[in-house]
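Below: the structure, in structure tokens.
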Amino acid sequence: MKIGIIVHSQTNNTYTVALKLQEKLKEAGNEIEIRRVSMVGGDRPEDKKKIQLENPPDISEYDALIFGAPVHAFALAPAMQIYMEQLPSLKDKKIALFVTKKLRFEWTGGSRAIGQMKNLCHSKEGIVMGTGVVVWNKQRDQKISEMVQRFADLF
Ligand SMILES: Cc1cc2nc3c(=O)[nH]c(=O)nc-3n(C[C@H](O)[C@H](O)[C@H](O)COP(=O)(O)O)c2cc1C
């Protein structure tokens with residue numbers, strides 16, 4: 001299966017998870033590409049109204065997709081929101097979603113960000129198979145391995 005891992009990542013936490021997913025999914029015989037969602041002018045904290053995407057990744061060639069992004073201000077990072085809004089139909093594509101975040105409490109944006117991504121995928125008829133929230137703390141490696149294994153079992 002050809003799987004696209006599409007990530008937005010400003011300080012590379014989310015990208016690090018993408019690399020681990022790539023390694024595991026490759027072992028299982030899949031073809032994997034990681035593509036980054038970047039902003040014109042660099043991936044610095046931004047004014048949402050001014051965000052412009054730089055060469056947004058084309059998803060048409062992938063059988064399945066994993067979208068990953070950070071939580072910003074208790075919600076999905078705006079660049080990823082804008083990217084996912086402009087996607088074409090996701091009909092019949094298998095999808096997994098994850099976010100990374102810093103604050104450990106449940107109400108600090110993880111579920112909300114995943115909910116936003118899910119709604120965007122469903123609005124484009126994608127099939128969301130699994131989701132994950134990684135809190136960037138000392139226990140993160142275990143959480144990442146667990147999620148990577150879970151996602152590997154989906155595809
Ligand atoms: C502008 C901004 C807002 C953030 N807001 C939150 C937040 O609401 N909740 C949270 O848990 N972490 C928040 N964080 C922390 C990031 O989600 C976390 O460090 C994430 O892993 C960064 O991912 P990246 O390295 O892929 O960019 C915020 C970070 C930034 C820069």
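In the structure tokens, chains take letters A, B, ... by order of appearance, with residues numbered from 1 within each chain and ligands from 1 in the order shown.
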
Practice task
Find the spatial neighbours of region 103-115 of chain A, counting only C-alpha atoms, within a cut-off of 12 Å - ignore same-chain residues fewer than 4 positions away - and output them as a PyMOL selection string.
Solution key: chain A and resi 67-78+80-81+96-99+119-122+128+130-140

Just the selected residues (C-alpha atoms), exported as a short mmCIF file (atom, residue, chain, number, x, y, z; two decimals), in the first residue's frame, please.
```cif
data_model
loop_
_atom_site.label_atom_id
_atom_site.label_comp_id
_atom_site.auth_asym_id
_atom_site.auth_seq_id
_atom_site.Cartn_x
_atom_site.Cartn_y
_atom_site.Cartn_z
CA PHE A 67 -2.30 13.34 8.99
CA GLY A 68 -0.27 14.73 11.91
CA ALA A 69 -0.11 18.21 13.44
CA PRO A 70 0.55 20.08 16.68
CA VAL A 71 -2.13 21.49 18.95
CA HIS A 72 -2.06 25.28 18.97
CA ALA A 73 -4.20 27.40 21.32
CA PHE A 74 -6.35 24.42 22.40
CA ALA A 75 -7.17 23.52 18.79
CA LEU A 76 -5.69 22.15 15.59
CA ALA A 77 -2.72 24.21 14.33
CA PRO A 78 -4.25 26.68 11.83
CA MET A 80 -3.16 22.13 9.08
CA GLN A 81 -6.77 23.27 9.33
CA ALA A 96 -5.30 7.80 10.61
CA LEU A 97 -4.90 11.05 12.54
CA PHE A 98 -2.59 12.19 15.30
CA VAL A 99 -1.62 15.33 17.15
CA ASN A 119 -14.82 16.35 10.85
CA LEU A 120 -12.74 17.60 7.94
CA CYS A 121 -12.03 14.03 6.78
CA HIS A 122 -15.65 12.97 7.15
CA VAL A 128 -10.99 7.50 9.71
CA GLY A 130 -7.66 5.44 14.11
CA THR A 131 -6.50 8.47 16.07
CA GLY A 132 -3.79 9.30 18.61
CA VAL A 133 -2.74 12.13 20.92
CA VAL A 134 0.93 12.32 21.97
CA VAL A 135 1.71 14.52 24.97
CA TRP A 136 5.32 15.69 24.66
CA ASN A 137 6.49 14.74 28.15
CA LYS A 138 8.97 12.24 29.63
CA GLN A 139 6.68 9.30 28.92
CA ARG A 140 6.26 10.17 25.27
#
```

Exercise for the section: For region 56-60 of chain A, work out the shell of residues within 7 Å, counting only C-alpha atoms and skipping chain neighbours fewer than 6 positions away, then give it as a ChimeraX atom specification. Expected result: /A:35,37,83

Which neighbours of Asp63 (chain A) fall inside 6 Å, counting only C-alpha atoms, when residues of the same chain fewer than 6 positions from it are skipped, and could you give them as a compact mmCIF listing (two decimals) with N, CA and C atoms, in the first residue's frame?
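See selection.txt below for the written result:
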```txt
# COMPACT_ATOMS: atom_id res chain seq x y z
N LYS A 2 0.46 2.24 -0.77
CA LYS A 2 1.23 3.49 -0.77
C LYS A 2 0.58 4.46 0.22
N ILE A 3 1.33 4.80 1.25
CA ILE A 3 0.77 5.62 2.33
C ILE A 3 1.49 6.95 2.39
N LYS A 93 -10.51 6.57 0.96
CA LYS A 93 -9.13 6.54 1.51
C LYS A 93 -9.20 6.19 2.99
```

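For the set A:Ile6, A:Arg44, A:Thr100, A:Asp153, the residue with the smallest atom-to-atom gap to ligand 1 is A:Thr100, counting only C-alpha atoms and all ligand atoms.
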
Handout entry: Residue among A:Ala79, A:Leu19, A:Lys26, A:Thr11 lying closest to Phe155 (chain A), counting only C-alpha atoms
Key =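 Smallest distance to Phe155 (chain A) is found for A:Lys26.
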
Practice task
Enumerate the residues of region 24-141 of chain A with a DSSP assignment of strand (DSSP E), computed from the backbone, and present them as a ChimeraX atom specification.
Solution key: /A:31-36,38-39,53-54,64-72,75-76,94-101,127-135

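Within region 18-94 of chain A, DSSP applied to the backbone places the following residues in alpha helix (DSSP H): A:Ala18, A:Leu19, A:Lys20, A:Leu21, A:Gln22, A:Glu23, A:Lys24, A:Leu25, A:Lys26, A:Glu27, A:Pro78, A:Ala79, A:Met80, A:Gln81, A:Ile82, A:Tyr83, A:Met84, A:Glu85.
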
Handout entry: Among listed residues A:Gly4, A:Asn12, A:Ser123, A:Leu90, nearest ligand 1 (using only C-alpha atoms and all ligand atoms)
Key =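 Between A:Gly4, A:Asn12, A:Ser123, A:Leu90, the residue approaching ligand 1 most closely is A:Asn12.
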
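Picture a line from CA of Ser9 (chain A) to CA of Glu33 (chain A); it runs 15.6 Å.
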
Problem - Selected residue, from A:Glu27, A:Asp43, A:Glu61, A:Asp92, that lies nearest to ligand 1 when counting only C-alpha atoms and all ligand atoms - result: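 Closest residue, counting only C-alpha atoms and all ligand atoms: A:Asp43.
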
Exercise for the section: Select, from A:Ala28, A:Ile127, A:Met39, A:Leu154, the residue with the minimum atom-to-atom distance to Gln10 (chain A), counting only C-alpha atoms. Expected result: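 Smallest separation from Gln10 (chain A) among the options: A:Met39.
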
Handout entry: Pick from A:Arg36, A:Gly41, A:Ala64, A:Leu21, whichever lies nearest to Met147 (chain A) using only C-alpha atoms
Key =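 Checking each candidate against Met147 (chain A), we get A:Leu21 as the closest.
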
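We find CA of Gly42 (chain A) and CA of Ala18 (chain A) to be spaced 19.7 Å apart.
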